[in-house]
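Below: one structure, written as structure tokens.
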Amino acid sequence: MNTIDRTVTPCVIVEEEVQFTLVELSRACRIEVEPLLELVMEGVLTPSGEDAEHWHFGGATLRRARRAVRLTRDLELNAASTALVLDLLDEIDALRSRLRRLGGD
């Protein structure tokens with residue numbers, strides 16, 4: 001008899017128009033505010049607003065923030081190293097997209 005092993009991964013669909021405060025983003029990422037501040041200082045996350053109390057992050061930032069948090073935790077990276085890894089991953093994604101457009105999948 002075949003058994004199917006199903007793993008359920010909880011997810012939340014977030015509209016890009018949704019805005020998060022710094023505190024809301026930290027709750028959504030399940031981390032303290034300080035690591036997010038470090039990621040902002042390294043340019044990993046880009047808020048709108050004048051200062052941390054008035055910052056807002058777009059819905060697309062949630063995915064990037066969670067990815068950064070995962071890299072930081074799993075690979076024991078500091079914020080600067082996380083920024084470098086994310087830049088390299090972004091470059092890989094861009095190159096793959098370019099290859100697909102050129103038909104070289």
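A note on labels: chains of the structure tokens are A, B, ... as shown, every chain counts residues from 1, and ligands are counted from 1 in their shown order.
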Q. Please, which residues of chain A, numbered as in this document, come out alpha helix (DSSP H) from DSSP, as a ChimeraX atom specification?
A. /A:22-29,33-41,59-74,79-101
Save the residues we just selected, C-alpha atoms, as a PDB file, in the first residue's frame?
```
ATOM      1  CA  LEU A  22       9.006  48.040  11.678  1.00  0.00           C
ATOM      2  CA  VAL A  23       7.261  46.370  14.617  1.00  0.00           C
ATOM      3  CA  GLU A  24       4.745  44.619  12.350  1.00  0.00           C
ATOM      4  CA  LEU A  25       7.562  43.383  10.111  1.00  0.00           C
ATOM      5  CA  SER A  26       9.448  42.038  13.118  1.00  0.00           C
ATOM      6  CA  ARG A  27       6.326  40.168  14.245  1.00  0.00           C
ATOM      7  CA  ALA A  28       5.766  38.754  10.757  1.00  0.00           C
ATOM      8  CA  CYS A  29       9.395  37.568  10.652  1.00  0.00           C
ATOM      9  CA  VAL A  33      13.432  44.686  15.847  1.00  0.00           C
ATOM     10  CA  GLU A  34      17.226  45.018  16.227  1.00  0.00           C
ATOM     11  CA  PRO A  35      18.199  42.487  13.532  1.00  0.00           C
ATOM     12  CA  LEU A  36      15.837  44.236  11.115  1.00  0.00           C
ATOM     13  CA  LEU A  37      17.448  47.570  11.921  1.00  0.00           C
ATOM     14  CA  GLU A  38      20.829  46.051  11.058  1.00  0.00           C
ATOM     15  CA  LEU A  39      19.443  44.786   7.748  1.00  0.00           C
ATOM     16  CA  VAL A  40      18.111  48.263   6.959  1.00  0.00           C
ATOM     17  CA  MET A  41      21.503  49.800   7.770  1.00  0.00           C
ATOM     18  CA  GLY A  59       4.436  43.804   1.126  1.00  0.00           C
ATOM     19  CA  ALA A  60       7.238  42.538  -1.137  1.00  0.00           C
ATOM     20  CA  THR A  61       9.715  43.356   1.632  1.00  0.00           C
ATOM     21  CA  LEU A  62       8.254  40.621   3.817  1.00  0.00           C
ATOM     22  CA  ARG A  63       9.594  37.871   1.540  1.00  0.00           C
ATOM     23  CA  ARG A  64      13.044  39.472   1.375  1.00  0.00           C
ATOM     24  CA  ALA A  65      13.122  40.039   5.137  1.00  0.00           C
ATOM     25  CA  ARG A  66      12.181  36.436   5.871  1.00  0.00           C
ATOM     26  CA  ARG A  67      14.817  35.210   3.427  1.00  0.00           C
ATOM     27  CA  ALA A  68      17.424  37.426   5.084  1.00  0.00           C
ATOM     28  CA  VAL A  69      16.441  36.221   8.544  1.00  0.00           C
ATOM     29  CA  ARG A  70      16.663  32.595   7.409  1.00  0.00           C
ATOM     30  CA  LEU A  71      20.129  33.135   5.872  1.00  0.00           C
ATOM     31  CA  THR A  72      21.349  34.952   8.956  1.00  0.00           C
ATOM     32  CA  ARG A  73      20.113  32.221  11.270  1.00  0.00           C
ATOM     33  CA  ASP A  74      20.917  29.117   9.217  1.00  0.00           C
ATOM     34  CA  ALA A  79      24.068  41.645   8.416  1.00  0.00           C
ATOM     35  CA  ALA A  80      26.849  42.605   5.971  1.00  0.00           C
ATOM     36  CA  SER A  81      27.347  38.994   4.880  1.00  0.00           C
ATOM     37  CA  THR A  82      23.608  38.539   4.515  1.00  0.00           C
ATOM     38  CA  ALA A  83      23.484  41.618   2.280  1.00  0.00           C
ATOM     39  CA  LEU A  84      26.240  40.171   0.073  1.00  0.00           C
ATOM     40  CA  VAL A  85      24.550  36.762  -0.194  1.00  0.00           C
ATOM     41  CA  LEU A  86      21.201  38.352  -1.081  1.00  0.00           C
ATOM     42  CA  ASP A  87      22.864  40.517  -3.745  1.00  0.00           C
ATOM     43  CA  LEU A  88      24.452  37.417  -5.265  1.00  0.00           C
ATOM     44  CA  LEU A  89      21.167  35.498  -5.153  1.00  0.00           C
ATOM     45  CA  ASP A  90      19.404  38.449  -6.824  1.00  0.00           C
ATOM     46  CA  GLU A  91      22.059  38.443  -9.548  1.00  0.00           C
ATOM     47  CA  ILE A  92      21.611  34.702 -10.106  1.00  0.00           C
ATOM     48  CA  ASP A  93      17.838  35.186 -10.392  1.00  0.00           C
ATOM     49  CA  ALA A  94      18.323  38.010 -12.914  1.00  0.00           C
ATOM     50  CA  LEU A  95      20.717  35.907 -15.007  1.00  0.00           C
ATOM     51  CA  ARG A  96      18.326  32.952 -14.995  1.00  0.00           C
ATOM     52  CA  SER A  97      15.472  35.212 -16.105  1.00  0.00           C
ATOM     53  CA  ARG A  98      17.634  36.570 -18.889  1.00  0.00           C
ATOM     54  CA  LEU A  99      18.523  33.050 -20.014  1.00  0.00           C
ATOM     55  CA  ARG A 100      14.844  32.074 -20.095  1.00  0.00           C
ATOM     56  CA  ARG A 101      14.013  35.135 -22.186  1.00  0.00           C
TER      57      ARG A 101
END
```
**Q.** Sel. of strand (DSSP E) residues, chain A, as a ChimeraX atom specification
**A.** /A:19-20,57-58
Selection export as a PDB file, in the first residue's frame, atoms kept: N, CA and C atoms:
```pdb
ATOM      1  N   GLN A  19       1.332  47.629   3.709  1.00  0.00           N
ATOM      2  CA  GLN A  19       2.453  48.315   4.337  1.00  0.00           C
ATOM      3  C   GLN A  19       2.636  47.790   5.753  1.00  0.00           C
ATOM      4  N   PHE A  20       3.892  47.553   6.121  1.00  0.00           N
ATOM      5  CA  PHE A  20       4.232  47.099   7.464  1.00  0.00           C
ATOM      6  C   PHE A  20       5.034  48.174   8.175  1.00  0.00           C
ATOM      7  N   PHE A  57       7.255  49.451   5.259  1.00  0.00           N
ATOM      8  CA  PHE A  57       7.841  48.505   4.334  1.00  0.00           C
ATOM      9  C   PHE A  57       6.723  47.930   3.481  1.00  0.00           C
ATOM     10  N   GLY A  58       6.947  47.838   2.179  1.00  0.00           N
ATOM     11  CA  GLY A  58       5.960  47.273   1.272  1.00  0.00           C
ATOM     12  C   GLY A  58       5.807  45.774   1.482  1.00  0.00           C
TER      13      GLY A  58
END
```
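Using only C-alpha atoms, the nearest neighbour of A:Val44 within the list A:Gly103, A:Asn78, A:Thr21, A:Thr7 is A:Asn78.
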Q) Just how far from atom CA of A:His56 is atom CA of A:Glu17, in Å to one decimal? A) 11.2 Å
